[in-house]
Every structure is written in C-alpha cells, then in structure tokens.
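Encoded as structure tokens, the structure appears first; notes follow it.
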Amino acid sequence: MTAFERTILVTGGAGFIGSNFIFGLERRRPEIRVIDLDLLTYAAHPQIWEAQKAMPGVVPVRGDICDTALVAPLLERFDVTGIIHFAAESHVDNSISNPQGFVRTNVLGTASLLTAAVRVWKKKGVLGSARFHHVSTDEVYGALGPEGFFVESTPYAPSSPYSASKASSDLLVRAFGRTYGLNYTISNCSNNFGPWQHAEKLIPTVIRKALAGEPVPIYGTGANVRDWLWVGDHCRAIESIFFDAAPGETFNVGGHGERGNLEMARSICALLDRLSPRPDGRPYAAQIAFVSDRPGHDFRYAIDPSKIERELGWRPGLTFEQALERTVRWYLGEGRALLSP
Ligand SMILES: NC(=O)c1ccc[n+]([C@@H]2O[C@H](COP(=O)([O-])OP(=O)(O)OC[C@H]3O[C@@H](n4cnc5c(N)ncnc54)[C@H](O)[C@@H]3O)[C@@H](O)[C@H]2O)c1
C-alpha cells in the first residue's frame, strides 16, 4: 500500500478544470492523496469518474458540497489538511435562466465547506496550518472598456447571477479568514480552455457545430473580448498558490491571451480547415452566424498577472497558439486516451 504524505479534498474534480488539476497533481505530486468530492451534475464527466476510481492516489466520493453533515466527517476520516474548491455551477447562460441554483451551489455550498473546514480543523488544532484554496473567476470584477486590466485590488462589480454568486463566495472565504482565522488563498482566473471543457461552452461549441456542418453561433457582433488561458497553466498556478503562497493572499491568473469572440471562432475554424478540412473544401468560417446578444454581456475581461509572476514565479507554459492547436486536436480525438495531454 502507498503511504501518502498528506490528503487534500478537491471539490468538483470530475468537471473541466478540477479534473485537469487532479491529473496534473497526481503526475507532479504522487505523494498527495486526493479525495474528489463531486455531485456528478450534468457538467461532470462519467469517464473521468471511472478513471479516477482506478487511480491509486484518488478517492472519488459522490456528494454535495452543501451537505455539511457529509463534508465534516469526510475531513475527519481522511485527515484532510487542505481543500481546493472548484465545485460550482459555472455557465453564465444557465445562471440567467436559474439564478437560485447558482446561489445554492456557489454561495451556500462554499459556506457549508468553510463551516465544516473551520469546525474540523479547529478541533484537530490545525486551523492555522491547513489551507483552504478557493478557485474563483475574473468575472467578479465586472466589465472593462477597451483599455486597462483587472488587478487584485479592482473593486468587485459582477454583472451576471453567476459572477455575483462567485463574488459572494470570495467574500465569504475572506470573512472566514478574518473571523475564524482560516488559512485561505483565492485565485481569480480568466477564461480557460483545453480538454474536458463542457460542450455548452464557447470553444467546444464552435468545434462541434463546425464539424457538424451547422451554424456556429456567436453572440452579438462577436466583439466581446475574453482573456484565454490554457487549463493546464491555470492548474499549475493553483498548485503553486496552494503550496507556496502566504495565507490570506489573492492572485489574478491570466496569460495575456485576449481575443474577441469572433476572432477566436475564426482561429478555431482556420485550425479545423488545416486539421480536418470540410469535404467541399470551403472554409469552416463560412458557417459563423451571429445570434442575439446575451443579456448583461460584459464587453471585455483582461487580467494583469504580474503579482503571481513576481511573487510565485508562475508563467504560462504554452503560447495561446500552441494551446489552441492542442485543444482543437484533442476535440478531434487526438490524445483522448491519455485523458490529459
Ligand atoms: N471555466 C472557466 O473558464 C473558469 C475560469 C475561472 C474560474 N473558474 C472557476 O473554476 C471552477 C471550476 O470550473 P469548471 O469550468 O471546471 O466547471 P464545470 O462546470 O466544468 O465543473 C463543475 C464541477 O462541479 C461539480 N458540482 C457542481 N455542483 C456541485 C455540488 N453541489 N457539490 C459537489 N460538486 C458539484 C459538477 O458535477 C462538476 O463536476 C468554478 O468554481 C469556476 O467558477 C472557471
């Protein structure tokens, strides 16, 4: 039997970023045992869950982060001394149709985890040393105009029920630090892309619709700008913050990958033209079709990552172009058997 040095709880590890995080952590730090607590909602990947069952360093547990009566005994039983909290409802469009579901998972779920962590860690006398890392988003800062960047001190101004629920959860984490002495860190990251992103998100949608010969939907005029980051680089940033940052610190994570939505769709279509051309030889970009804009659609997000670069020496490992090609190849089926490229 393997002797593990430490056990951490990862929430939402069957989803997009959490699953990539666990694969990377297991490769880089096999001495750490991971409990993956996931409710297996529509956003989870059953294939990942099955793969995790066979991984010696991972214990997948199906359950709800809102269930404090489940979480506290789990922390005790496995002697958990760290939590990395990914689990959330994460799709902005769904938050517009079902805001309360987002408040339940993202706000009450985070409060439930924090409560369990403080209770158990205080009892075990590890409250100051065990760490809670909260995975958040740059969307808490609201929208930028054409100029400027989000820094860690940018005031919160969320626009959607999703970003408002994430902003609330960030504030709860900080309040648990001030009130109970919880040792926490927070990361606010820009838009991720890579393997295992749910089909409903922009990049998988563009690829899927293009390959199916269907219209590729783009909101409004496609001018909205997102700051894209390869998921593996986000995961390495979280690892470095969780293990190396001082308590109570927040880091913005981004790789200067700003692209307009239309520009992004055109880049993907160009890659598909090269890697998997249409039978009629026409460009996939001809399928791009504009649809009514999302209500409250933020114009631009852009991260200033200088704090994490300066203090933790983190840098993106892939250029935007390398990461996008890797992503498109993965959705075309290359490397899928490896689970994580
Ligand atoms: N995707 C991005 O571009 C991005 C960018 C920055 C930050 N984030 C944040 O990163 C985190 C992960 O995002 P993602 O894109 O991987 O999300 P995702 O929707 O792909 O995965 C979410 C996971 O959480 C699980 N989950 C949902 N509700 C749960 C509950 N009540 N209890 C236990 N598990 C539950 C789901 O089953 C799923 O496996 C989120 O907190 C999100 O706000 C995402």
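Just so we're on the same page: first chain in the structure tokens is A, next is B, and so on; residues restart at 1 for each chain, and ligands are numbered from 1 in the order they show up.
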
Using only C-alpha atoms and all ligand atoms, I'd like a table of the residues in chain A that come within 6 Å of ligand 1; for each, show the closest atom pair and its distance in Å rounded to one decimal, ordered by chain and ascending number, as CSV.
residue,atom,partner,partner_atom_place_in_ligand_line,distance
A:Thr11,CA,ligand 1,34 (N),6.0
A:Gly12,CA,ligand 1,24 (O),3.5
A:Gly13,CA,ligand 1,39 (O),5.7
A:Ala14,CA,ligand 1,39 (O),4.1
A:Gly15,CA,ligand 1,39 (O),3.3
A:Phe16,CA,ligand 1,16 (O),3.6
A:Ile17,CA,ligand 1,16 (O),3.7
A:Gly18,CA,ligand 1,16 (O),5.4
A:Leu37,CA,ligand 1,33 (C),5.9
A:Asp38,CA,ligand 1,34 (N),3.6
A:Leu39,CA,ligand 1,33 (C),4.0
A:Leu40,CA,ligand 1,37 (O),3.7
A:Thr41,CA,ligand 1,37 (O),3.9
A:Ala43,CA,ligand 1,38 (C),4.8
A:Ala44,CA,ligand 1,39 (O),3.6
A:Gly63,CA,ligand 1,33 (C),5.8
A:Asp64,CA,ligand 1,32 (N),3.6
A:Ile65,CA,ligand 1,32 (N),4.1
A:Cys66,CA,ligand 1,31 (N),5.8
A:Phe86,CA,ligand 1,11 (C),4.1
A:Ala87,CA,ligand 1,24 (O),3.6
A:Ala88,CA,ligand 1,27 (C),4.6
A:Glu89,CA,ligand 1,27 (C),5.4
A:Ser90,CA,ligand 1,19 (O),4.6
A:Thr105,CA,ligand 1,31 (N),4.9
A:Val135,CA,ligand 1,41 (O),5.3
A:Ser136,CA,ligand 1,7 (C),4.7
A:Thr137,CA,ligand 1,7 (C),3.9
A:Cys189,CA,ligand 1,6 (C),4.4
A:Ser190,CA,ligand 1,5 (C),5.2
A:Asn191,CA,ligand 1,3 (O),3.6
A:Asn192,CA,ligand 1,3 (O),3.7
A:Gln197,CA,ligand 1,20 (O),6.0
A:His198,CA,ligand 1,20 (O),5.7

Identify, on the basis of only C-alpha atoms, every residue whose closest approach to Lys123 of chain A does not exceed 12 Å; exclude the query and any residue fewer than 6 positions from it along the same chain; express the result as a count of residues only. 6

Tell me, as a PDB file with N, CA, C and O atoms, in the first residue's frame, which residues lie within 12 Å of segment 306-318 of chain A, counting only C-alpha atoms; anything in the same chain fewer than 3 positions away does not count.
ATOM      1  N   PHE A 149      -6.655  46.754 -17.153  1.00  0.00           N
ATOM      2  CA  PHE A 149      -6.577  45.350 -16.735  1.00  0.00           C
ATOM      3  C   PHE A 149      -7.146  45.215 -15.332  1.00  0.00           C
ATOM      4  O   PHE A 149      -7.111  46.164 -14.553  1.00  0.00           O
ATOM      5  N   PHE A 150      -7.625  44.011 -14.994  1.00  0.00           N
ATOM      6  CA  PHE A 150      -8.025  43.732 -13.621  1.00  0.00           C
ATOM      7  C   PHE A 150      -6.773  43.466 -12.798  1.00  0.00           C
ATOM      8  O   PHE A 150      -5.934  42.628 -13.177  1.00  0.00           O
ATOM      9  N   VAL A 151      -6.658  44.161 -11.643  1.00  0.00           N
ATOM     10  CA  VAL A 151      -5.627  43.823 -10.666  1.00  0.00           C
ATOM     11  C   VAL A 151      -6.353  43.307  -9.420  1.00  0.00           C
ATOM     12  O   VAL A 151      -7.577  43.385  -9.336  1.00  0.00           O
ATOM     13  N   GLU A 152      -5.587  42.783  -8.466  1.00  0.00           N
ATOM     14  CA  GLU A 152      -6.201  42.154  -7.300  1.00  0.00           C
ATOM     15  C   GLU A 152      -7.047  43.142  -6.494  1.00  0.00           C
ATOM     16  O   GLU A 152      -7.971  42.728  -5.791  1.00  0.00           O
ATOM     17  N   SER A 153      -6.732  44.455  -6.594  1.00  0.00           N
ATOM     18  CA  SER A 153      -7.487  45.431  -5.805  1.00  0.00           C
ATOM     19  C   SER A 153      -8.640  46.065  -6.594  1.00  0.00           C
ATOM     20  O   SER A 153      -9.303  46.977  -6.097  1.00  0.00           O
ATOM     21  N   ILE A 186      -6.981  32.666  -2.506  1.00  0.00           N
ATOM     22  CA  ILE A 186      -8.001  32.775  -3.562  1.00  0.00           C
ATOM     23  C   ILE A 186      -7.284  33.037  -4.886  1.00  0.00           C
ATOM     24  O   ILE A 186      -6.291  33.778  -4.922  1.00  0.00           O
ATOM     25  N   SER A 187      -7.789  32.414  -5.965  1.00  0.00           N
ATOM     26  CA  SER A 187      -7.295  32.782  -7.299  1.00  0.00           C
ATOM     27  C   SER A 187      -8.482  33.232  -8.143  1.00  0.00           C
ATOM     28  O   SER A 187      -9.543  32.611  -8.102  1.00  0.00           O
ATOM     29  N   ASN A 188      -8.290  34.322  -8.883  1.00  0.00           N
ATOM     30  CA  ASN A 188      -9.311  34.802  -9.821  1.00  0.00           C
ATOM     31  C   ASN A 188      -8.729  34.676 -11.226  1.00  0.00           C
ATOM     32  O   ASN A 188      -7.809  35.415 -11.591  1.00  0.00           O
ATOM     33  N   CYS A 189      -9.250  33.726 -11.969  1.00  0.00           N
ATOM     34  CA  CYS A 189      -8.640  33.401 -13.271  1.00  0.00           C
ATOM     35  C   CYS A 189      -9.530  33.832 -14.426  1.00  0.00           C
ATOM     36  O   CYS A 189     -10.750  33.928 -14.303  1.00  0.00           O
ATOM     37  N   GLY A 194      -9.305  23.995 -23.051  1.00  0.00           N
ATOM     38  CA  GLY A 194      -8.495  22.780 -23.063  1.00  0.00           C
ATOM     39  C   GLY A 194      -9.400  21.559 -23.003  1.00  0.00           C
ATOM     40  O   GLY A 194     -10.621  21.670 -23.144  1.00  0.00           O
ATOM     41  N   TRP A 228      -7.990  34.466 -22.628  1.00  0.00           N
ATOM     42  CA  TRP A 228      -7.994  32.998 -22.601  1.00  0.00           C
ATOM     43  C   TRP A 228      -6.713  32.420 -22.019  1.00  0.00           C
ATOM     44  O   TRP A 228      -5.621  32.904 -22.299  1.00  0.00           O
ATOM     45  N   LEU A 229      -6.880  31.354 -21.229  1.00  0.00           N
ATOM     46  CA  LEU A 229      -5.715  30.689 -20.642  1.00  0.00           C
ATOM     47  C   LEU A 229      -5.873  29.170 -20.759  1.00  0.00           C
ATOM     48  O   LEU A 229      -6.948  28.614 -20.480  1.00  0.00           O
ATOM     49  N   TRP A 230      -4.777  28.513 -21.146  1.00  0.00           N
ATOM     50  CA  TRP A 230      -4.726  27.045 -21.224  1.00  0.00           C
ATOM     51  C   TRP A 230      -4.987  26.474 -19.835  1.00  0.00           C
ATOM     52  O   TRP A 230      -4.357  26.896 -18.845  1.00  0.00           O
ATOM     53  N   VAL A 231      -5.903  25.506 -19.748  1.00  0.00           N
ATOM     54  CA  VAL A 231      -6.319  24.984 -18.450  1.00  0.00           C
ATOM     55  C   VAL A 231      -5.139  24.436 -17.636  1.00  0.00           C
ATOM     56  O   VAL A 231      -5.085  24.585 -16.409  1.00  0.00           O
ATOM     57  N   GLY A 232      -4.173  23.821 -18.305  1.00  0.00           N
ATOM     58  CA  GLY A 232      -3.021  23.258 -17.591  1.00  0.00           C
ATOM     59  C   GLY A 232      -2.213  24.349 -16.899  1.00  0.00           C
ATOM     60  O   GLY A 232      -1.659  24.140 -15.808  1.00  0.00           O
ATOM     61  N   ASP A 233      -2.164  25.538 -17.511  1.00  0.00           N
ATOM     62  CA  ASP A 233      -1.435  26.647 -16.883  1.00  0.00           C
ATOM     63  C   ASP A 233      -2.200  27.171 -15.669  1.00  0.00           C
ATOM     64  O   ASP A 233      -1.592  27.545 -14.658  1.00  0.00           O
ATOM     65  N   HIS A 234      -3.527  27.206 -15.762  1.00  0.00           N
ATOM     66  CA  HIS A 234      -4.326  27.601 -14.592  1.00  0.00           C
ATOM     67  C   HIS A 234      -4.091  26.603 -13.450  1.00  0.00           C
ATOM     68  O   HIS A 234      -3.886  26.996 -12.296  1.00  0.00           O
ATOM     69  N   CYS A 235      -4.081  25.326 -13.780  1.00  0.00           N
ATOM     70  CA  CYS A 235      -3.909  24.293 -12.734  1.00  0.00           C
ATOM     71  C   CYS A 235      -2.551  24.427 -12.051  1.00  0.00           C
ATOM     72  O   CYS A 235      -2.443  24.301 -10.829  1.00  0.00           O
ATOM     73  N   ARG A 236      -1.502  24.711 -12.832  1.00  0.00           N
ATOM     74  CA  ARG A 236      -0.173  24.891 -12.211  1.00  0.00           C
ATOM     75  C   ARG A 236      -0.160  26.127 -11.313  1.00  0.00           C
ATOM     76  O   ARG A 236       0.483  26.152 -10.268  1.00  0.00           O
ATOM     77  N   ALA A 237      -0.910  27.160 -11.721  1.00  0.00           N
ATOM     78  CA  ALA A 237      -0.978  28.374 -10.889  1.00  0.00           C
ATOM     79  C   ALA A 237      -1.653  28.058  -9.550  1.00  0.00           C
ATOM     80  O   ALA A 237      -1.173  28.468  -8.488  1.00  0.00           O
ATOM     81  N   ILE A 238      -2.722  27.290  -9.599  1.00  0.00           N
ATOM     82  CA  ILE A 238      -3.437  26.937  -8.357  1.00  0.00           C
ATOM     83  C   ILE A 238      -2.516  26.127  -7.448  1.00  0.00           C
ATOM     84  O   ILE A 238      -2.455  26.355  -6.234  1.00  0.00           O
ATOM     85  N   GLU A 239      -1.804  25.189  -8.058  1.00  0.00           N
ATOM     86  CA  GLU A 239      -0.890  24.353  -7.272  1.00  0.00           C
ATOM     87  C   GLU A 239       0.141  25.238  -6.575  1.00  0.00           C
ATOM     88  O   GLU A 239       0.403  25.084  -5.380  1.00  0.00           O
ATOM     89  N   SER A 240       0.693  26.167  -7.324  1.00  0.00           N
ATOM     90  CA  SER A 240       1.738  26.999  -6.751  1.00  0.00           C
ATOM     91  C   SER A 240       1.172  27.911  -5.650  1.00  0.00           C
ATOM     92  O   SER A 240       1.805  28.099  -4.600  1.00  0.00           O
ATOM     93  N   ILE A 241      -0.033  28.424  -5.820  1.00  0.00           N
ATOM     94  CA  ILE A 241      -0.635  29.264  -4.770  1.00  0.00           C
ATOM     95  C   ILE A 241      -0.937  28.407  -3.539  1.00  0.00           C
ATOM     96  O   ILE A 241      -0.612  28.777  -2.402  1.00  0.00           O
ATOM     97  N   PHE A 242      -1.535  27.254  -3.771  1.00  0.00           N
ATOM     98  CA  PHE A 242      -1.935  26.387  -2.646  1.00  0.00           C
ATOM     99  C   PHE A 242      -0.719  25.988  -1.804  1.00  0.00           C
ATOM    100  O   PHE A 242      -0.763  26.018  -0.574  1.00  0.00           O
ATOM    101  N   PHE A 243       0.378  25.631  -2.463  1.00  0.00           N
ATOM    102  CA  PHE A 243       1.537  25.127  -1.711  1.00  0.00           C
ATOM    103  C   PHE A 243       2.472  26.233  -1.230  1.00  0.00           C
ATOM    104  O   PHE A 243       3.128  26.073  -0.206  1.00  0.00           O
ATOM    105  N   ASP A 244       2.553  27.361  -1.969  1.00  0.00           N
ATOM    106  CA  ASP A 244       3.638  28.309  -1.682  1.00  0.00           C
ATOM    107  C   ASP A 244       3.213  29.704  -1.227  1.00  0.00           C
ATOM    108  O   ASP A 244       4.060  30.443  -0.712  1.00  0.00           O
ATOM    109  N   ALA A 245       1.956  30.093  -1.455  1.00  0.00           N
ATOM    110  CA  ALA A 245       1.602  31.492  -1.152  1.00  0.00           C
ATOM    111  C   ALA A 245       1.347  31.693   0.335  1.00  0.00           C
ATOM    112  O   ALA A 245       1.021  30.745   1.066  1.00  0.00           O
ATOM    113  N   ALA A 246       1.495  32.937   0.775  1.00  0.00           N
ATOM    114  CA  ALA A 246       1.213  33.277   2.179  1.00  0.00           C
ATOM    115  C   ALA A 246      -0.296  33.240   2.417  1.00  0.00           C
ATOM    116  O   ALA A 246      -1.082  33.475   1.488  1.00  0.00           O
ATOM    117  N   GLU A 249      -3.761  35.538   0.850  1.00  0.00           N
ATOM    118  CA  GLU A 249      -3.400  36.206  -0.406  1.00  0.00           C
ATOM    119  C   GLU A 249      -4.352  35.834  -1.540  1.00  0.00           C
ATOM    120  O   GLU A 249      -4.841  34.708  -1.617  1.00  0.00           O
ATOM    121  N   THR A 250      -4.564  36.799  -2.414  1.00  0.00           N
ATOM    122  CA  THR A 250      -5.362  36.593  -3.628  1.00  0.00           C
ATOM    123  C   THR A 250      -4.474  36.839  -4.839  1.00  0.00           C
ATOM    124  O   THR A 250      -3.653  37.765  -4.822  1.00  0.00           O
ATOM    125  N   PHE A 251      -4.627  36.010  -5.862  1.00  0.00           N
ATOM    126  CA  PHE A 251      -3.826  36.171  -7.083  1.00  0.00           C
ATOM    127  C   PHE A 251      -4.730  36.169  -8.314  1.00  0.00           C
ATOM    128  O   PHE A 251      -5.588  35.289  -8.450  1.00  0.00           O
ATOM    129  N   ASN A 252      -4.518  37.125  -9.195  1.00  0.00           N
ATOM    130  CA  ASN A 252      -5.160  37.090 -10.507  1.00  0.00           C
ATOM    131  C   ASN A 252      -4.319  36.208 -11.423  1.00  0.00           C
ATOM    132  O   ASN A 252      -3.088  36.331 -11.434  1.00  0.00           O
ATOM    133  N   VAL A 253      -4.984  35.340 -12.183  1.00  0.00           N
ATOM    134  CA  VAL A 253      -4.260  34.406 -13.058  1.00  0.00           C
ATOM    135  C   VAL A 253      -4.724  34.616 -14.498  1.00  0.00           C
ATOM    136  O   VAL A 253      -5.931  34.512 -14.789  1.00  0.00           O
ATOM    137  N   GLY A 254      -3.777  34.912 -15.379  1.00  0.00           N
ATOM    138  CA  GLY A 254      -4.097  35.099 -16.796  1.00  0.00           C
ATOM    139  C   GLY A 254      -2.810  35.099 -17.585  1.00  0.00           C
ATOM    140  O   GLY A 254      -1.728  35.289 -17.017  1.00  0.00           O
ATOM    141  N   GLY A 255      -2.935  34.876 -18.900  1.00  0.00           N
ATOM    142  CA  GLY A 255      -1.723  34.744 -19.704  1.00  0.00           C
ATOM    143  C   GLY A 255      -1.659  35.733 -20.854  1.00  0.00           C
ATOM    144  O   GLY A 255      -1.040  35.454 -21.881  1.00  0.00           O
ATOM    145  N   HIS A 256      -2.304  36.914 -20.709  1.00  0.00           N
ATOM    146  CA  HIS A 256      -2.335  37.899 -21.796  1.00  0.00           C
ATOM    147  C   HIS A 256      -2.845  37.259 -23.082  1.00  0.00           C
ATOM    148  O   HIS A 256      -2.258  37.419 -24.140  1.00  0.00           O
ATOM    149  N   GLY A 257      -3.943  36.523 -22.958  1.00  0.00           N
ATOM    150  CA  GLY A 257      -4.500  35.833 -24.139  1.00  0.00           C
ATOM    151  C   GLY A 257      -5.798  36.475 -24.611  1.00  0.00           C
ATOM    152  O   GLY A 257      -6.770  35.783 -24.884  1.00  0.00           O
ATOM    153  N   ILE A 303      -6.721  40.300 -17.608  1.00  0.00           N
ATOM    154  CA  ILE A 303      -6.046  40.115 -16.315  1.00  0.00           C
ATOM    155  C   ILE A 303      -4.636  40.688 -16.351  1.00  0.00           C
ATOM    156  O   ILE A 303      -3.899  40.473 -17.318  1.00  0.00           O
ATOM    157  N   GLU A 321      -1.346  30.147 -29.176  1.00  0.00           N
ATOM    158  CA  GLU A 321      -1.486  29.382 -30.426  1.00  0.00           C
ATOM    159  C   GLU A 321      -1.219  27.896 -30.191  1.00  0.00           C
ATOM    160  O   GLU A 321      -1.945  27.033 -30.704  1.00  0.00           O
ATOM    161  N   GLN A 322      -0.172  27.591 -29.407  1.00  0.00           N
ATOM    162  CA  GLN A 322       0.125  26.172 -29.113  1.00  0.00           C
ATOM    163  C   GLN A 322      -1.051  25.541 -28.373  1.00  0.00           C
ATOM    164  O   GLN A 322      -1.473  24.424 -28.673  1.00  0.00           O
ATOM    165  N   ALA A 323      -1.580  26.287 -27.392  1.00  0.00           N
ATOM    166  CA  ALA A 323      -2.661  25.732 -26.562  1.00  0.00           C
ATOM    167  C   ALA A 323      -3.930  25.524 -27.383  1.00  0.00           C
ATOM    168  O   ALA A 323      -4.626  24.521 -27.232  1.00  0.00           O
ATOM    169  N   LEU A 324      -4.200  26.467 -28.282  1.00  0.00           N
ATOM    170  CA  LEU A 324      -5.429  26.333 -29.076  1.00  0.00           C
ATOM    171  C   LEU A 324      -5.316  25.144 -30.030  1.00  0.00           C
ATOM    172  O   LEU A 324      -6.262  24.358 -30.175  1.00  0.00           O
ATOM    173  N   GLU A 325      -4.143  24.973 -30.625  1.00  0.00           N
ATOM    174  CA  GLU A 325      -3.996  23.825 -31.534  1.00  0.00           C
ATOM    175  C   GLU A 325      -4.117  22.508 -30.754  1.00  0.00           C
ATOM    176  O   GLU A 325      -4.761  21.564 -31.201  1.00  0.00           O
ATOM    177  N   ARG A 326      -3.516  22.473 -29.559  1.00  0.00           N
ATOM    178  CA  ARG A 326      -3.596  21.261 -28.740  1.00  0.00           C
ATOM    179  C   ARG A 326      -5.062  20.946 -28.391  1.00  0.00           C
ATOM    180  O   ARG A 326      -5.500  19.802 -28.399  1.00  0.00           O
ATOM    181  N   THR A 327      -5.792  22.018 -28.104  1.00  0.00           N
ATOM    182  CA  THR A 327      -7.208  21.850 -27.729  1.00  0.00           C
ATOM    183  C   THR A 327      -8.014  21.313 -28.912  1.00  0.00           C
ATOM    184  O   THR A 327      -8.785  20.356 -28.773  1.00  0.00           O
TER     185      THR A 327
END

Do you know which residues are at most 10 Å from Gly148 of chain A counting only C-alpha atoms, after dropping those on the same chain fewer than 2 positions away, and could you put them as JSON, numbers by chain? {"A": [144, 145, 146, 150, 151, 300, 301, 302, 303, 304]}

So which bits of segment 159-310 of chain A end up strand (DSSP E) when you DSSP the backbone, as a ChimeraX atom specification? /A:183-189,191-193,216-219,225-230,249-253,258-260,288-291

Residue nearest Asn183 of chain A among A:Pro56, A:Val107, A:His133, A:Ala157 (counting only C-alpha atoms):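 Among the listed residues, the smallest separation from Asn183 of chain A belongs to A:His133.
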
List every residue of segment 149-260 of chain A that DSSP, applied to the backbone, labels as alpha helix (DSSP H), and write the result as JSON, numbers by chain. {"A": [161, 162, 163, 164, 165, 166, 167, 168, 169, 170, 171, 172, 173, 174, 175, 176, 177, 178, 179, 180, 202, 203, 204, 205, 206, 207, 208, 209, 210, 211, 212, 231, 232, 233, 234, 235, 236, 237, 238, 239, 240, 241, 242, 243, 244]}

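Non-sequential neighbours of Val173 of chain A (distance at most 9 Å, separation of 4 or more positions within a chain, only C-alpha atoms) are A:Thr110, A:Ala111, A:Leu114, A:Phe132, A:His133, A:His134, A:Ser168, A:Ser169, A:Gly177, A:Arg178, A:Leu182, A:Tyr184, A:Thr185, A:Ile186.
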
Limited to N, CA, C and O atoms, could you put the picked residues into a file as a PDB file, in the first residue's frame?
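As a result, result.pdb now contains:
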ATOM      1  N   THR A 110     -20.283  26.937  -0.744  1.00  0.00           N
ATOM      2  CA  THR A 110     -18.989  27.408  -0.232  1.00  0.00           C
ATOM      3  C   THR A 110     -19.078  27.645   1.282  1.00  0.00           C
ATOM      4  O   THR A 110     -18.168  27.272   2.037  1.00  0.00           O
ATOM      5  N   ALA A 111     -20.207  28.215   1.734  1.00  0.00           N
ATOM      6  CA  ALA A 111     -20.376  28.449   3.183  1.00  0.00           C
ATOM      7  C   ALA A 111     -20.365  27.125   3.941  1.00  0.00           C
ATOM      8  O   ALA A 111     -19.789  27.020   5.036  1.00  0.00           O
ATOM      9  N   LEU A 114     -16.750  25.838   4.110  1.00  0.00           N
ATOM     10  CA  LEU A 114     -15.968  26.663   5.039  1.00  0.00           C
ATOM     11  C   LEU A 114     -16.316  26.312   6.484  1.00  0.00           C
ATOM     12  O   LEU A 114     -15.431  26.179   7.339  1.00  0.00           O
ATOM     13  N   PHE A 132      -7.303  26.351   2.871  1.00  0.00           N
ATOM     14  CA  PHE A 132      -8.489  26.345   2.001  1.00  0.00           C
ATOM     15  C   PHE A 132      -8.182  27.226   0.798  1.00  0.00           C
ATOM     16  O   PHE A 132      -7.997  28.430   0.941  1.00  0.00           O
ATOM     17  N   HIS A 133      -8.102  26.624  -0.386  1.00  0.00           N
ATOM     18  CA  HIS A 133      -7.908  27.441  -1.593  1.00  0.00           C
ATOM     19  C   HIS A 133      -9.229  27.519  -2.372  1.00  0.00           C
ATOM     20  O   HIS A 133      -9.825  26.502  -2.725  1.00  0.00           O
ATOM     21  N   HIS A 134      -9.620  28.736  -2.668  1.00  0.00           N
ATOM     22  CA  HIS A 134     -10.884  28.974  -3.367  1.00  0.00           C
ATOM     23  C   HIS A 134     -10.602  29.370  -4.816  1.00  0.00           C
ATOM     24  O   HIS A 134      -9.876  30.344  -5.076  1.00  0.00           O
ATOM     25  N   SER A 168     -19.772  36.601  -4.118  1.00  0.00           N
ATOM     26  CA  SER A 168     -20.245  36.350  -2.744  1.00  0.00           C
ATOM     27  C   SER A 168     -19.397  35.279  -2.086  1.00  0.00           C
ATOM     28  O   SER A 168     -19.054  35.389  -0.904  1.00  0.00           O
ATOM     29  N   SER A 169     -19.059  34.227  -2.857  1.00  0.00           N
ATOM     30  CA  SER A 169     -18.275  33.145  -2.254  1.00  0.00           C
ATOM     31  C   SER A 169     -16.865  33.633  -1.906  1.00  0.00           C
ATOM     32  O   SER A 169     -16.316  33.272  -0.864  1.00  0.00           O
ATOM     33  N   GLY A 177     -11.624  33.891   7.018  1.00  0.00           N
ATOM     34  CA  GLY A 177     -10.238  34.163   7.396  1.00  0.00           C
ATOM     35  C   GLY A 177     -10.190  35.158   8.551  1.00  0.00           C
ATOM     36  O   GLY A 177      -9.532  34.930   9.571  1.00  0.00           O
ATOM     37  N   ARG A 178     -10.931  36.267   8.403  1.00  0.00           N
ATOM     38  CA  ARG A 178     -10.910  37.308   9.437  1.00  0.00           C
ATOM     39  C   ARG A 178     -11.566  36.840  10.733  1.00  0.00           C
ATOM     40  O   ARG A 178     -11.069  37.084  11.823  1.00  0.00           O
ATOM     41  N   LEU A 182      -9.189  31.206   9.510  1.00  0.00           N
ATOM     42  CA  LEU A 182      -8.956  30.203   8.456  1.00  0.00           C
ATOM     43  C   LEU A 182      -7.775  30.628   7.578  1.00  0.00           C
ATOM     44  O   LEU A 182      -7.670  31.787   7.176  1.00  0.00           O
ATOM     45  N   TYR A 184      -6.497  30.804   4.251  1.00  0.00           N
ATOM     46  CA  TYR A 184      -7.076  30.655   2.908  1.00  0.00           C
ATOM     47  C   TYR A 184      -6.224  31.345   1.854  1.00  0.00           C
ATOM     48  O   TYR A 184      -5.397  32.219   2.173  1.00  0.00           O
ATOM     49  N   THR A 185      -6.425  30.958   0.602  1.00  0.00           N
ATOM     50  CA  THR A 185      -5.922  31.700  -0.554  1.00  0.00           C
ATOM     51  C   THR A 185      -7.035  31.697  -1.597  1.00  0.00           C
ATOM     52  O   THR A 185      -7.920  30.831  -1.565  1.00  0.00           O
ATOM     53  N   ILE A 186      -6.981  32.666  -2.506  1.00  0.00           N
ATOM     54  CA  ILE A 186      -8.001  32.775  -3.562  1.00  0.00           C
ATOM     55  C   ILE A 186      -7.284  33.037  -4.886  1.00  0.00           C
ATOM     56  O   ILE A 186      -6.291  33.778  -4.922  1.00  0.00           O
TER      57      ILE A 186
END

Within 10 Å of segment 278-284 of chain A, counting only C-alpha atoms, which residues show up once you throw out same-chain ones fewer than 2 positions away? Write them as a list in words, please. Val206, Ile207, Lys209, Ala210, Leu211, Ala212, Gly213, Glu214, Pro215, Val216, Ala265, Arg266, Ile268, Cys269, Ala270, Leu271, Leu272, Asp273, Arg274, Leu275, Ser276, Ala286, Gln287 and Ile288 of chain A

Test item: residues at most 12 Å from Leu74 of chain A, only C-alpha atoms, excluding those fewer than 2 positions along its chain, as a PyMOL selection string: chain A and resi 7-10+34-37+59-65+67-72+76-81+83+113+116-117+120

Nearest candidate to Asp170 of chain A (options A:Glu263, A:Glu139, A:Glu200, A:Glu147; using only C-alpha atoms): A:Glu139
